>>> print(open('data08.cif').read())   # mmCIF, C-alpha atoms
data_coords
#
loop_
_atom_site.label_atom_id
_atom_site.label_comp_id
_atom_site.auth_asym_id
_atom_site.auth_seq_id
_atom_site.Cartn_x
_atom_site.Cartn_y
_atom_site.Cartn_z
CA LEU A 1 0.00 0.00 0.00
CA LEU A 2 2.86 2.39 0.70
CA ALA A 3 4.23 1.71 -2.81
CA SER A 4 1.20 3.42 -4.43
CA VAL A 5 0.22 0.26 -6.31
CA ARG A 6 -2.93 0.93 -8.32
CA ARG A 7 -3.72 -2.53 -9.67
CA ILE A 8 -3.18 -6.14 -8.63
CA ASP A 9 -3.74 -8.94 -11.15
CA ALA A 10 -2.93 -11.84 -8.81
CA VAL A 11 -1.24 -12.81 -5.56
CA VAL A 12 0.95 -15.87 -5.03
CA TYR A 13 1.08 -17.25 -1.50
CA THR A 14 4.18 -19.39 -1.04
CA HIS A 15 3.58 -20.52 2.55
CA PRO A 16 0.95 -20.23 5.29
CA HIS A 17 2.89 -18.26 7.92
CA ALA A 18 1.13 -15.26 9.46
CA ASP A 19 3.71 -12.80 8.14
CA HIS A 20 2.84 -13.89 4.63
CA ILE A 21 -0.95 -14.29 4.67
CA HIS A 22 -2.29 -11.65 7.06
CA GLY A 23 -2.33 -8.89 4.43
CA ILE A 24 -5.15 -10.56 2.51
CA ASP A 25 -7.64 -8.04 3.92
CA ASP A 26 -5.75 -5.26 2.15
CA LEU A 27 -6.91 -6.71 -1.19
CA ARG A 28 -10.48 -5.50 -0.55
CA GLY A 29 -9.68 -1.94 -1.67
CA PHE A 30 -8.24 -3.22 -4.94
CA VAL A 31 -11.28 -5.41 -5.53
CA LEU A 32 -13.63 -2.49 -5.00
CA GLU A 33 -11.59 -0.33 -7.39
CA GLN A 34 -11.07 -3.02 -10.06
CA ARG A 35 -14.60 -4.43 -9.68
CA HIS A 36 -13.59 -8.08 -9.82
CA ARG A 37 -12.09 -10.69 -7.54
CA ILE A 38 -8.34 -11.06 -7.39
CA ASP A 39 -6.86 -14.40 -8.40
CA ILE A 40 -4.81 -15.98 -5.63
CA HIS A 41 -2.46 -18.90 -6.16
CA ALA A 42 -1.21 -21.25 -3.44
CA ASP A 43 -0.46 -24.90 -2.86
CA GLN A 44 -3.15 -26.99 -1.18
CA PRO A 45 -1.92 -26.65 2.46
CA THR A 46 -1.50 -22.89 2.13
CA MET A 47 -4.90 -22.44 0.48
CA LEU A 48 -6.57 -24.48 3.23
CA ARG A 49 -4.97 -22.27 5.88
CA LEU A 50 -6.13 -19.15 4.04
CA GLN A 51 -9.68 -20.50 3.86
CA GLU A 52 -9.64 -21.44 7.56
CA ALA A 53 -8.38 -18.03 8.68
CA PHE A 54 -10.06 -15.80 6.10
CA GLY A 55 -13.13 -17.67 4.89
CA TYR A 56 -15.01 -14.39 4.44
CA CYS A 57 -12.61 -13.51 1.62
CA PHE A 58 -13.74 -16.62 -0.29
CA GLU A 59 -17.49 -16.62 0.43
CA THR A 60 -19.90 -14.04 1.82
CA PRO A 61 -20.66 -14.93 5.45
CA LEU A 62 -24.29 -15.27 6.46
CA GLY A 63 -25.66 -11.84 7.35
CA SER A 64 -22.78 -9.95 5.73
CA SER A 65 -22.99 -7.56 2.82
CA TYR A 66 -19.30 -7.91 1.90
CA PRO A 67 -18.73 -9.84 -1.33
CA PRO A 68 -15.93 -12.39 -1.69
CA ILE A 69 -12.68 -10.76 -2.81
CA VAL A 70 -10.51 -13.64 -4.01
CA GLU A 71 -10.67 -16.34 -6.68
CA PRO A 72 -8.57 -19.31 -5.50
CA HIS A 73 -6.27 -21.37 -7.74
CA ILE A 74 -4.37 -24.39 -6.41
CA ILE A 75 -0.73 -24.63 -7.45
CA ASP A 76 0.28 -28.05 -8.76
CA HIS A 77 4.01 -28.42 -8.08
CA ALA A 78 4.34 -30.53 -11.23
CA ARG A 79 3.24 -27.72 -13.58
CA PRO A 80 4.21 -24.09 -14.16
CA VAL A 81 1.80 -21.37 -13.07
CA VAL A 82 0.93 -18.75 -15.69
CA ILE A 83 -0.49 -15.47 -14.43
CA GLU A 84 -1.97 -13.13 -17.02
CA GLY A 85 -1.97 -9.38 -16.48
CA GLU A 86 -1.88 -6.03 -18.22
CA GLY A 87 1.87 -6.30 -18.70
CA GLY A 88 1.66 -9.76 -20.23
CA ALA A 89 2.02 -13.27 -18.87
CA LEU A 90 4.25 -14.23 -15.96
CA THR A 91 5.27 -17.88 -15.72
CA LEU A 92 6.33 -19.29 -12.35
CA GLU A 93 8.03 -22.64 -11.81
CA PRO A 94 6.79 -24.01 -8.47
CA LEU A 95 9.16 -25.89 -6.20
CA PRO A 96 7.99 -28.04 -3.30
CA GLN A 97 8.75 -26.69 0.17
CA ILE A 98 11.26 -28.59 2.24
#
>>> encode(input="data08.cif", output="structure tokens")
Amino acid sequence: LLASVRRIDAVVYTHPHADHIHGIDDLRGFVLEQRHRIDIHADQPTMLRLQEAFGYCFETPLGSSYPPIVEPHIIDHARPVVIEGEGGALTLEPLPQI
């Protein structure tokens, strides 16, 4: 946010530690501005942790008016991840965590 970023095409979560995932709430402002969910990419364990901790970012909770803000994509360590954006495609080669 301090870097004056105006647009986010996607976010890649590499691990489920708090220092890495707790900024997910900051995506809401970008979603409201861009008017669509932001793609997030993570391996299965990391995505599960994100959904446990921040379920309201994936689905609207009962009684809430806040829409979901993320569109989840599971990273398969056997295949590259291609993220499309305004500047073109970015290809990432996933490596399993040790």
>>> closest_atom_pairs(input="data08.cif", of="segment 69-88 of chain A", to="segment 15-29 of chain A", cutoff="12 Å", atoms="all atoms listed in the file", output="tab-separated table")
residue	atom	partner	partner_atom	distance
A:Ile69	CA	A:Arg28	CA	6.1
A:Val70	CA	A:Leu27	CA	8.3
A:Glu71	CA	A:Leu27	CA	11.7
A:Ile75	CA	A:His15	CA	11.6
>>> closest_residue(input="data08.cif", among="A:Ile38, A:Ala10, A:Leu2, A:Ala53", to="Pro68 of chain A", atoms="only C-alpha atoms")
A:Ile38
>>> atom_distance(input="data08.cif", atom1="atom CA of His41 of chain A", atom2="atom CA of Tyr56 of chain A")
17.0 Å
>>> atom_distance(input="data08.cif", atom1="atom CA of Glu59 of chain A", atom2="atom CA of Gly85 of chain A")
24.1 Å
>>> atom_distance(input="data08.cif", atom1="atom CA of Val81 of chain A", atom2="atom CA of Met47 of chain A")
15.2 Å
>>> residues_near_point(input="data08.cif", point="(0.8, -23.6, -9.4)", cutoff="10 Å", atoms="all atoms listed in the file", output="number ranges by chain")
A: 12, 14, 41-44, 73-83, 91-95
